[in-house]
Amino acid sequence: MRRILLVEDESVVALEMEKRLEKMGYDVVASVSYGEEAVAKAEETSPDLILMDVQLEGEMDGIDAAGEIHKRLDIPVLYLTAYSDDETLKRAKLTEPFGYLLKPFQERELSTFMEIALFKHGMERRLREREQYLDTILRSHTDALIATNTEGIIKFINPLAERLTGWPDNSAVGREITEVLTIKRKIDSRYRDISVKELLNTNDTPIMGKNTLLMSKQGMETYISCSTAPIPDKNEGVDRGNLFVIRDISERIYMEESLLILYKAIGVMQTGLTITGADGIIRYTNNAVDDMHGYIPGELIGKDVRVFSPNDRQNLPGMEELMKLQSWSRESINIRKDGTLFPVYLKSDFVSGESGDPIAVVTSCEDIRERKEMEEKLKSYNEHLESEVKKRTSEISELYEELVKSQEQLIQSEKLASIGQLAAGIAHEINNPLGFVHSNIGNLQKFTNKILGLLENYELFDLPEKIRSEVERQKEQINYDYIKERLKKIIERSKHGIDRMKEIVQGLKTFSRVDASELNELNINNALDISLSLMANEYKNRIEIVRNYGDIPEVSCYCGKINQVLINLLINACQAIKGSGEIRIDTSAEGHMVSIEISDTGVGIPEEILDKIFDPFFTTKPVGTGTGLGLSISRNIIKQHKGELSVQSEEGKGSRFIIRLPVDPQLPEVPQD
């Protein structure tokens, strides 16, 4: 059902019209009396037709309202009015109405005018859509298109033609074809203009090729093919103009020239090149292949590719099998036309078509006679080099043994230089005086107690008042009670300090002891305590030491070396902790093995260098603060004792070093679970 918008300022007429329209089978979507309302309702309801009275209420009359609707919407307007003066008709025409019906009118007249208006609007809409469709096709065409009338005036030019001719934005429309289209052909080594007008109204064979150029407005040259065709008018039986179809063939010309250059380049290559079909028949050989095998150019075409190596005919795989390999390299013995043999290196690549099926094999062929001769010479050189390498390997082995010995010496010298020499000297120099001081402190304590006891006994006697008063005065003057208490504490602290010094000296003596050639028994827990005592300054007041000693047996070992390992690991743990932290020491026994674990809450070791920390001379410490030998030496010492030294670490969380030592190195080690 067609939808109608009725615009009428007289309400009685509007009501009557609405009834008549509904009776005629139309749907009246709205009835308004103002021009402004008509525009708004048209946008809101989108009717199929608007019946518009010219005279309306308000500032906007029917013609103004129709004009505004025509600007915004594609809706046909049919005027229904009693006004037919020239001025009104002139204004109405500007709005492109679909009819002008004068009041009064018959119902049949109204129906006829409305159907004609609706039909005409539908036809115009379809025509516009078709024109837009054709315009889109022409403008997006892959060829450059120019349409002219019979006089050669351009009526249409698509974007590709604008780009090739250099006339953008429809600037060529309305100009003569000769002004826009300039075509040149190479004649007698010179490019000459072609008369474009001669191509009008013809169906000649298109002109094309690398000798045909299109010159743009800016002087740019493009290789083209160009053809023309008349544009017929089927209704009148005459031509209405011409269509120029121009194709840019620059890329094709470039490809043809490139292929020609490639063909010639392959022909003069030093490396031989053969192309065979999927059937194994030779389709092409370059000059190098022909010369290499003693054939004249073209003589090998059509022959079986196995003509090159008839003696190897039984060993070559079939073409289907070769195609599966995609690429195949090998050395072979080829035969010349005169029957002489020579070595070659072949590399085959297989070419597939669009369907994926094999269509050709491209094989490069290199004469390797000189290379084979060089290989023989290299073989003799290699034999000579191998003997030299063996000789140098022997020398290196000797140097390595010397290096191992030097490393052992370095172990001993480092220990003596770092602690042993100093410790032994200090222990020797202060041991005897320390004994005297220790003994005297004990005597001093006993004598002081006796003197203080004597003084206290004197107080029990009945002394004359004058003497007692004098004694009390002097006691008060020297602060006797304070001195008595402080003296006892001073002696106690001095005695404690002397005991601590004896403990340190004893530890230094133990640590700096030169190992004998035989193994000695070592209490690991005591050794750890001694090591901690010696390095107290490393952790005092900042690192908590947690001792979790197990009930473990003594270990048969070189005591000085094991002490060195323990103190190395403990010092490293202290240095790994920046600021405060914790070092945990765990000892335990399992079977014939003793385990020592030293864990810290320090910076940890990055994963990428964890495998390198036991390498000689590898260190993460600043230059001058470490030799990079501590952990390497420690691992060697543990290996010497048939034990293991391993590490577990996570950067930012800390490290744990684990030592496993056999109780008796002569016993077989019990493997871990």
# chains A, B, ... in the order shown; residues from 1 in each chain; ligands from 1

$ closest_atom_pairs --of "range 1-25 of chain A" --to "range 41-57 of chain A" --cutoff "6 Å" --atoms "only C-alpha atoms" --output "Markdown table"
| residue | atom | partner | partner_atom | distance |
| --- | --- | --- | --- | --- |
| A:Arg3 | CA | A:Pro47 | CA | 5.1 |
| A:Ile4 | CA | A:Leu49 | CA | 5.1 |
| A:Leu5 | CA | A:Ile50 | CA | 4.8 |
| A:Leu6 | CA | A:Leu51 | CA | 5.0 |
| A:Val7 | CA | A:Met52 | CA | 4.9 |
| A:Glu8 | CA | A:Asp53 | CA | 5.4 |
| A:Asp9 | CA | A:Leu56 | CA | 5.1 |

$ residues_around --residues "range 155-158 of chain A" --least-positions-apart "2" --cutoff "10 Å" --atoms "only C-alpha atoms" --output "PyMOL selection string"
chain A and resi 135-149+152-153+160-163+167-177+241-244

$ atom_distance --atom1 "CA of Tyr295 in chain A" --atom2 "CA of Gly277 in chain A"
20.0 Å

$ residues_around --residues "range 194-196 of chain A" --least-positions-apart "3" --cutoff "7 Å" --atoms "only C-alpha atoms" --output "PDB file with N, CA, C and O atoms, in the first residue's frame"
ATOM      1  N   THR A 178      42.202  15.667 -29.112  1.00  0.00           N
ATOM      2  CA  THR A 178      43.569  15.925 -29.589  1.00  0.00           C
ATOM      3  C   THR A 178      44.368  16.747 -28.588  1.00  0.00           C
ATOM      4  O   THR A 178      45.594  16.701 -28.574  1.00  0.00           O
ATOM      5  N   ILE A 183      49.644  10.654 -28.694  1.00  0.00           N
ATOM      6  CA  ILE A 183      50.254   9.332 -28.888  1.00  0.00           C
ATOM      7  C   ILE A 183      51.365   9.452 -29.919  1.00  0.00           C
ATOM      8  O   ILE A 183      51.209  10.113 -30.961  1.00  0.00           O
ATOM      9  N   LYS A 184      52.499   8.792 -29.627  1.00  0.00           N
ATOM     10  CA  LYS A 184      53.650   8.809 -30.534  1.00  0.00           C
ATOM     11  C   LYS A 184      54.070   7.385 -30.842  1.00  0.00           C
ATOM     12  O   LYS A 184      53.955   6.500 -30.002  1.00  0.00           O
ATOM     13  N   ARG A 185      54.572   7.197 -32.088  1.00  0.00           N
ATOM     14  CA  ARG A 185      55.112   5.898 -32.486  1.00  0.00           C
ATOM     15  C   ARG A 185      56.516   6.087 -33.020  1.00  0.00           C
ATOM     16  O   ARG A 185      56.852   7.124 -33.609  1.00  0.00           O
ATOM     17  N   LEU A 199      41.669   8.089 -35.628  1.00  0.00           N
ATOM     18  CA  LEU A 199      41.170   6.897 -34.936  1.00  0.00           C
ATOM     19  C   LEU A 199      39.682   6.989 -34.628  1.00  0.00           C
ATOM     20  O   LEU A 199      39.077   6.000 -34.209  1.00  0.00           O
TER      21      LEU A 199
END

$ select_by_dssp --residues "range 419-609 of chain A" --states "strand (DSSP E)" --output "mmCIF file with all heavy atoms, in the first residue's frame"
data_model
loop_
_atom_site.group_PDB
_atom_site.id
_atom_site.type_symbol
_atom_site.label_atom_id
_atom_site.label_comp_id
_atom_site.auth_asym_id
_atom_site.auth_seq_id
_atom_site.Cartn_x
_atom_site.Cartn_y
_atom_site.Cartn_z
ATOM 1 N N ASN A 520 94.233 -36.907 58.171
ATOM 2 C CA ASN A 520 94.007 -36.769 59.607
ATOM 3 C C ASN A 520 92.513 -36.672 59.879
ATOM 4 O O ASN A 520 91.724 -36.329 58.985
ATOM 5 C CB ASN A 520 94.709 -35.513 60.142
ATOM 6 C CG ASN A 520 96.215 -35.637 60.049
ATOM 7 O OD1 ASN A 520 96.788 -36.636 60.473
ATOM 8 N ND2 ASN A 520 96.856 -34.622 59.462
ATOM 9 N N GLU A 521 92.126 -36.961 61.093
ATOM 10 C CA GLU A 521 90.726 -36.876 61.481
ATOM 11 C C GLU A 521 90.355 -35.419 61.773
ATOM 12 O O GLU A 521 91.098 -34.709 62.443
ATOM 13 C CB GLU A 521 90.453 -37.741 62.718
ATOM 14 C CG GLU A 521 90.756 -39.217 62.536
ATOM 15 C CD GLU A 521 89.865 -39.844 61.488
ATOM 16 O OE1 GLU A 521 88.671 -39.461 61.426
ATOM 17 O OE2 GLU A 521 90.362 -40.690 60.712
ATOM 18 N N LEU A 522 89.191 -34.974 61.250
ATOM 19 C CA LEU A 522 88.752 -33.589 61.444
ATOM 20 C C LEU A 522 87.296 -33.587 61.897
ATOM 21 O O LEU A 522 86.440 -34.222 61.284
ATOM 22 C CB LEU A 522 88.880 -32.786 60.136
ATOM 23 C CG LEU A 522 88.395 -31.330 60.212
ATOM 24 C CD1 LEU A 522 89.275 -30.513 61.157
ATOM 25 C CD2 LEU A 522 88.377 -30.698 58.824
ATOM 26 N N ILE A 543 74.923 -9.825 60.424
ATOM 27 C CA ILE A 543 74.467 -11.105 59.863
ATOM 28 C C ILE A 543 74.255 -12.088 61.010
ATOM 29 O O ILE A 543 75.126 -12.265 61.868
ATOM 30 C CB ILE A 543 75.500 -11.675 58.865
ATOM 31 C CG1 ILE A 543 75.683 -10.721 57.677
ATOM 32 C CG2 ILE A 543 75.052 -13.048 58.362
ATOM 33 C CD1 ILE A 543 76.777 -11.135 56.726
ATOM 34 N N GLU A 544 73.091 -12.718 61.006
ATOM 35 C CA GLU A 544 72.801 -13.731 62.017
ATOM 36 C C GLU A 544 73.303 -15.092 61.530
ATOM 37 O O GLU A 544 72.992 -15.503 60.409
ATOM 38 C CB GLU A 544 71.297 -13.791 62.277
ATOM 39 C CG GLU A 544 70.920 -14.828 63.334
ATOM 40 C CD GLU A 544 69.421 -14.933 63.548
ATOM 41 O OE1 GLU A 544 68.683 -14.166 62.886
ATOM 42 O OE2 GLU A 544 68.998 -15.781 64.347
ATOM 43 N N ILE A 545 74.075 -15.766 62.373
ATOM 44 C CA ILE A 545 74.598 -17.095 62.045
ATOM 45 C C ILE A 545 73.708 -18.135 62.725
ATOM 46 O O ILE A 545 73.575 -18.141 63.952
ATOM 47 C CB ILE A 545 76.056 -17.271 62.495
ATOM 48 C CG1 ILE A 545 76.937 -16.151 61.921
ATOM 49 C CG2 ILE A 545 76.577 -18.643 62.084
ATOM 50 C CD1 ILE A 545 77.033 -16.146 60.425
ATOM 51 N N VAL A 546 73.093 -18.995 61.912
ATOM 52 C CA VAL A 546 72.232 -20.058 62.445
ATOM 53 C C VAL A 546 72.972 -21.383 62.270
ATOM 54 O O VAL A 546 73.226 -21.812 61.148
ATOM 55 C CB VAL A 546 70.875 -20.095 61.713
ATOM 56 C CG1 VAL A 546 70.013 -21.222 62.272
ATOM 57 C CG2 VAL A 546 70.161 -18.751 61.853
ATOM 58 N N ARG A 547 73.344 -22.002 63.428
ATOM 59 C CA ARG A 547 74.079 -23.273 63.379
ATOM 60 C C ARG A 547 73.099 -24.420 63.621
ATOM 61 O O ARG A 547 72.430 -24.463 64.644
ATOM 62 C CB ARG A 547 75.179 -23.308 64.449
ATOM 63 C CG ARG A 547 76.294 -22.271 64.241
ATOM 64 C CD ARG A 547 77.234 -22.285 65.447
ATOM 65 N NE ARG A 547 78.411 -21.475 65.290
ATOM 66 C CZ ARG A 547 78.501 -20.190 65.579
ATOM 67 N NH1 ARG A 547 77.419 -19.549 66.056
ATOM 68 N NH2 ARG A 547 79.631 -19.522 65.403
ATOM 69 N N ASN A 548 73.025 -25.305 62.681
ATOM 70 C CA ASN A 548 72.174 -26.492 62.820
ATOM 71 C C ASN A 548 73.064 -27.717 62.594
ATOM 72 O O ASN A 548 73.020 -28.352 61.542
ATOM 73 C CB ASN A 548 71.019 -26.441 61.812
ATOM 74 C CG ASN A 548 70.056 -27.596 62.018
ATOM 75 O OD1 ASN A 548 69.947 -28.156 63.107
ATOM 76 N ND2 ASN A 548 69.378 -27.984 60.945
ATOM 77 N N VAL A 555 85.874 -36.722 59.959
ATOM 78 C CA VAL A 555 86.183 -37.032 58.563
ATOM 79 C C VAL A 555 87.689 -37.151 58.404
ATOM 80 O O VAL A 555 88.454 -36.315 58.912
ATOM 81 C CB VAL A 555 85.624 -35.935 57.637
ATOM 82 C CG1 VAL A 555 86.044 -36.182 56.201
ATOM 83 C CG2 VAL A 555 84.110 -35.867 57.745
ATOM 84 N N SER A 556 88.106 -38.179 57.705
ATOM 85 C CA SER A 556 89.523 -38.354 57.401
ATOM 86 C C SER A 556 89.850 -37.488 56.189
ATOM 87 O O SER A 556 89.294 -37.688 55.098
ATOM 88 C CB SER A 556 89.815 -39.827 57.092
ATOM 89 O OG SER A 556 91.180 -39.992 56.799
ATOM 90 N N CYS A 557 90.745 -36.479 56.353
ATOM 91 C CA CYS A 557 90.993 -35.519 55.277
ATOM 92 C C CYS A 557 92.307 -34.786 55.517
ATOM 93 O O CYS A 557 92.972 -34.976 56.539
ATOM 94 C CB CYS A 557 89.849 -34.508 55.212
ATOM 95 S SG CYS A 557 89.702 -33.502 56.707
ATOM 96 N N GLY A 581 71.333 -9.792 57.136
ATOM 97 C CA GLY A 581 70.864 -11.037 56.532
ATOM 98 C C GLY A 581 71.119 -12.211 57.449
ATOM 99 O O GLY A 581 71.353 -12.053 58.663
ATOM 100 N N GLU A 582 71.088 -13.409 56.854
ATOM 101 C CA GLU A 582 71.232 -14.634 57.642
ATOM 102 C C GLU A 582 72.058 -15.648 56.883
ATOM 103 O O GLU A 582 71.918 -15.799 55.665
ATOM 104 C CB GLU A 582 69.850 -15.219 57.952
ATOM 105 C CG GLU A 582 69.905 -16.541 58.730
ATOM 106 C CD GLU A 582 68.525 -17.142 58.940
ATOM 107 O OE1 GLU A 582 67.786 -16.594 59.767
ATOM 108 O OE2 GLU A 582 68.198 -18.139 58.260
ATOM 109 N N ILE A 583 72.953 -16.317 57.613
ATOM 110 C CA ILE A 583 73.709 -17.451 57.076
ATOM 111 C C ILE A 583 73.333 -18.675 57.907
ATOM 112 O O ILE A 583 73.429 -18.650 59.141
ATOM 113 C CB ILE A 583 75.228 -17.206 57.129
ATOM 114 C CG1 ILE A 583 75.609 -16.051 56.199
ATOM 115 C CG2 ILE A 583 75.989 -18.473 56.735
ATOM 116 C CD1 ILE A 583 77.076 -15.673 56.264
ATOM 117 N N ARG A 584 72.925 -19.717 57.221
ATOM 118 C CA ARG A 584 72.512 -20.954 57.903
ATOM 119 C C ARG A 584 73.499 -22.060 57.540
ATOM 120 O O ARG A 584 73.813 -22.256 56.367
ATOM 121 C CB ARG A 584 71.095 -21.350 57.481
ATOM 122 C CG ARG A 584 70.587 -22.616 58.159
ATOM 123 C CD ARG A 584 69.191 -22.995 57.650
ATOM 124 N NE ARG A 584 68.719 -24.219 58.260
ATOM 125 C CZ ARG A 584 68.058 -24.295 59.400
ATOM 126 N NH1 ARG A 584 67.784 -23.177 60.061
ATOM 127 N NH2 ARG A 584 67.666 -25.458 59.887
ATOM 128 N N ILE A 585 73.964 -22.763 58.585
ATOM 129 C CA ILE A 585 74.926 -23.851 58.386
ATOM 130 C C ILE A 585 74.279 -25.137 58.895
ATOM 131 O O ILE A 585 73.901 -25.229 60.070
ATOM 132 C CB ILE A 585 76.247 -23.584 59.132
ATOM 133 C CG1 ILE A 585 76.812 -22.205 58.745
ATOM 134 C CG2 ILE A 585 77.253 -24.684 58.838
ATOM 135 C CD1 ILE A 585 77.993 -21.781 59.578
ATOM 136 N N ASP A 586 74.144 -26.132 58.006
ATOM 137 C CA ASP A 586 73.558 -27.426 58.357
ATOM 138 C C ASP A 586 74.585 -28.520 58.094
ATOM 139 O O ASP A 586 75.218 -28.545 57.019
ATOM 140 C CB ASP A 586 72.314 -27.696 57.515
ATOM 141 C CG ASP A 586 71.199 -26.712 57.795
ATOM 142 O OD1 ASP A 586 70.414 -26.970 58.705
ATOM 143 O OD2 ASP A 586 71.121 -25.692 57.077
ATOM 144 N N THR A 587 74.767 -29.406 59.085
ATOM 145 C CA THR A 587 75.622 -30.581 58.881
ATOM 146 C C THR A 587 74.814 -31.827 59.202
ATOM 147 O O THR A 587 73.969 -31.828 60.099
ATOM 148 C CB THR A 587 76.880 -30.525 59.769
ATOM 149 O OG1 THR A 587 76.483 -30.501 61.150
ATOM 150 C CG2 THR A 587 77.714 -29.290 59.465
ATOM 151 N N SER A 588 75.084 -32.885 58.426
ATOM 152 C CA SER A 588 74.366 -34.139 58.640
ATOM 153 C C SER A 588 75.199 -35.285 58.080
ATOM 154 O O SER A 588 76.159 -35.066 57.331
ATOM 155 C CB SER A 588 72.997 -34.100 57.961
ATOM 156 O OG SER A 588 73.144 -33.928 56.567
ATOM 157 N N ALA A 589 74.833 -36.499 58.468
ATOM 158 C CA ALA A 589 75.535 -37.702 58.003
ATOM 159 C C ALA A 589 74.530 -38.659 57.403
ATOM 160 O O ALA A 589 73.405 -38.790 57.885
ATOM 161 C CB ALA A 589 76.287 -38.368 59.150
ATOM 162 N N GLU A 590 74.940 -39.292 56.302
ATOM 163 C CA GLU A 590 74.105 -40.292 55.644
ATOM 164 C C GLU A 590 75.009 -41.399 55.136
ATOM 165 O O GLU A 590 75.779 -41.194 54.187
ATOM 166 C CB GLU A 590 73.321 -39.659 54.488
ATOM 167 C CG GLU A 590 72.391 -40.649 53.803
ATOM 168 C CD GLU A 590 71.623 -39.999 52.662
ATOM 169 O OE1 GLU A 590 71.745 -38.773 52.501
ATOM 170 O OE2 GLU A 590 70.933 -40.721 51.939
ATOM 171 N N MET A 593 78.760 -40.837 54.140
ATOM 172 C CA MET A 593 78.964 -39.486 53.640
ATOM 173 C C MET A 593 78.538 -38.461 54.689
ATOM 174 O O MET A 593 77.586 -38.685 55.444
ATOM 175 C CB MET A 593 78.145 -39.248 52.361
ATOM 176 C CG MET A 593 78.477 -40.182 51.207
ATOM 177 S SD MET A 593 80.170 -39.979 50.614
ATOM 178 C CE MET A 593 80.052 -38.348 49.906
ATOM 179 N N VAL A 594 79.260 -37.334 54.719
ATOM 180 C CA VAL A 594 78.933 -36.195 55.577
ATOM 181 C C VAL A 594 78.557 -35.029 54.658
ATOM 182 O O VAL A 594 79.259 -34.758 53.678
ATOM 183 C CB VAL A 594 80.117 -35.807 56.478
ATOM 184 C CG1 VAL A 594 79.861 -34.456 57.147
ATOM 185 C CG2 VAL A 594 80.347 -36.867 57.532
ATOM 186 N N SER A 595 77.437 -34.356 54.967
ATOM 187 C CA SER A 595 76.977 -33.222 54.167
ATOM 188 C C SER A 595 77.115 -31.934 54.960
ATOM 189 O O SER A 595 76.807 -31.886 56.152
ATOM 190 C CB SER A 595 75.509 -33.397 53.753
ATOM 191 O OG SER A 595 75.370 -34.481 52.869
ATOM 192 N N ILE A 596 77.596 -30.897 54.284
ATOM 193 C CA ILE A 596 77.713 -29.551 54.866
ATOM 194 C C ILE A 596 76.997 -28.598 53.914
ATOM 195 O O ILE A 596 77.365 -28.507 52.736
ATOM 196 C CB ILE A 596 79.180 -29.123 55.030
ATOM 197 C CG1 ILE A 596 79.969 -30.205 55.797
ATOM 198 C CG2 ILE A 596 79.282 -27.779 55.709
ATOM 199 C CD1 ILE A 596 81.408 -30.290 55.383
ATOM 200 N N GLU A 597 75.994 -27.890 54.401
ATOM 201 C CA GLU A 597 75.247 -26.937 53.585
ATOM 202 C C GLU A 597 75.401 -25.546 54.187
ATOM 203 O O GLU A 597 75.116 -25.340 55.366
ATOM 204 C CB GLU A 597 73.769 -27.314 53.509
ATOM 205 C CG GLU A 597 73.510 -28.652 52.832
ATOM 206 C CD GLU A 597 72.031 -28.936 52.690
ATOM 207 O OE1 GLU A 597 71.240 -28.013 52.967
ATOM 208 O OE2 GLU A 597 71.668 -30.071 52.302
ATOM 209 N N ILE A 598 75.848 -24.596 53.359
ATOM 210 C CA ILE A 598 76.024 -23.204 53.786
ATOM 211 C C ILE A 598 75.095 -22.359 52.923
ATOM 212 O O ILE A 598 75.313 -22.212 51.713
ATOM 213 C CB ILE A 598 77.490 -22.753 53.640
ATOM 214 C CG1 ILE A 598 78.400 -23.636 54.526
ATOM 215 C CG2 ILE A 598 77.637 -21.283 53.995
ATOM 216 C CD1 ILE A 598 79.873 -23.342 54.380
ATOM 217 N N SER A 599 74.051 -21.806 53.543
ATOM 218 C CA SER A 599 73.036 -21.031 52.822
ATOM 219 C C SER A 599 73.085 -19.578 53.263
ATOM 220 O O SER A 599 73.339 -19.288 54.440
ATOM 221 C CB SER A 599 71.630 -21.593 53.073
ATOM 222 O OG SER A 599 71.593 -22.981 52.805
ATOM 223 N N ASP A 600 72.839 -18.664 52.317
ATOM 224 C CA ASP A 600 72.810 -17.241 52.654
ATOM 225 C C ASP A 600 71.584 -16.597 52.024
ATOM 226 O O ASP A 600 70.963 -17.150 51.114
ATOM 227 C CB ASP A 600 74.089 -16.544 52.171
ATOM 228 C CG ASP A 600 74.219 -16.539 50.662
ATOM 229 O OD1 ASP A 600 73.436 -15.841 49.999
ATOM 230 O OD2 ASP A 600 75.112 -17.239 50.144
#

$ atom_distance --atom1 "CA of Phe461 in chain A" --atom2 "CA of Lys484 in chain A"
20.1 Å

$ atom_distance --atom1 "CA of Val437 in chain A" --atom2 "CA of Asn449 in chain A"
18.0 Å

$ select_by_dssp --residues "range 135-281 of chain A" --states "alpha helix (DSSP H)" --output "MDAnalysis selection string"
chainID A and resid 135:139 159:165 177:180 250:267

$ closest_residue --among "A:Leu454, A:Ile441, A:Leu300, A:Ala40" --to "His496 in chain A" --atoms "only C-alpha atoms"
A:Ile441

$ residues_around --residues "range 93-107 of chain A" --least-positions-apart "4" --cutoff "7 Å" --atoms "only C-alpha atoms" --output "number ranges by chain"
A: 66-67, 70, 76-82, 89, 111, 113, 117

$ write_last_selection --atoms "N, CA, C and O atoms" --output "tab-separated table (two decimals), in the first residue's frame"
chain	number	residue	atom	x	y	z
A	66	ALA	N	8.24	22.28	-0.43
A	66	ALA	CA	8.63	21.29	-1.44
A	66	ALA	C	10.10	21.45	-1.81
A	66	ALA	O	10.83	20.46	-2.02
A	67	GLY	N	10.54	22.72	-1.91
A	67	GLY	CA	11.95	22.94	-2.22
A	67	GLY	C	12.87	22.39	-1.14
A	67	GLY	O	13.93	21.80	-1.43
A	70	HIS	N	12.91	18.65	-1.37
A	70	HIS	CA	13.70	18.21	-2.53
A	70	HIS	C	15.20	18.23	-2.23
A	70	HIS	O	15.95	17.37	-2.71
A	76	PRO	N	8.87	12.20	-4.28
A	76	PRO	CA	8.14	12.98	-5.29
A	76	PRO	C	7.05	13.85	-4.65
A	76	PRO	O	6.42	13.46	-3.66
A	77	VAL	N	6.84	15.06	-5.26
A	77	VAL	CA	5.83	16.01	-4.77
A	77	VAL	C	4.85	16.29	-5.90
A	77	VAL	O	5.26	16.60	-7.04
A	78	LEU	N	3.58	16.22	-5.59
A	78	LEU	CA	2.50	16.55	-6.53
A	78	LEU	C	1.72	17.73	-5.93
A	78	LEU	O	1.19	17.64	-4.82
A	79	TYR	N	1.71	18.85	-6.71
A	79	TYR	CA	1.02	20.05	-6.22
A	79	TYR	C	-0.48	19.92	-6.49
A	79	TYR	O	-0.92	19.54	-7.60
A	80	LEU	N	-1.30	20.25	-5.47
A	80	LEU	CA	-2.76	20.33	-5.57
A	80	LEU	C	-3.15	21.74	-5.16
A	80	LEU	O	-3.07	22.10	-3.98
A	81	THR	N	-3.52	22.61	-6.15
A	81	THR	CA	-3.74	24.02	-5.83
A	81	THR	C	-4.71	24.66	-6.81
A	81	THR	O	-4.92	24.15	-7.93
A	82	ALA	N	-5.23	25.76	-6.38
A	82	ALA	CA	-6.11	26.55	-7.25
A	82	ALA	C	-5.35	27.67	-7.94
A	82	ALA	O	-5.91	28.42	-8.74
A	89	LEU	N	3.71	29.20	-11.01
A	89	LEU	CA	4.21	28.07	-11.81
A	89	LEU	C	5.74	28.11	-11.95
A	89	LEU	O	6.42	27.08	-11.90
A	111	SER	N	-6.17	10.22	-9.10
A	111	SER	CA	-5.56	8.89	-9.11
A	111	SER	C	-4.56	8.75	-10.24
A	111	SER	O	-3.45	8.21	-10.07
A	113	PHE	N	-2.89	11.22	-11.88
A	113	PHE	CA	-1.71	12.04	-11.62
A	113	PHE	C	-0.80	11.36	-10.57
A	113	PHE	O	0.43	11.38	-10.69
A	117	ALA	N	2.97	10.05	-11.21
A	117	ALA	CA	4.07	10.60	-10.41
A	117	ALA	C	4.87	9.48	-9.74
A	117	ALA	O	6.11	9.50	-9.74

$ residues_around --residues "Ser439 in chain A" --least-positions-apart "6" --cutoff "10 Å" --atoms "only C-alpha atoms" --output "list in words"
Pro433, Lys495 and Ile498 of chain A
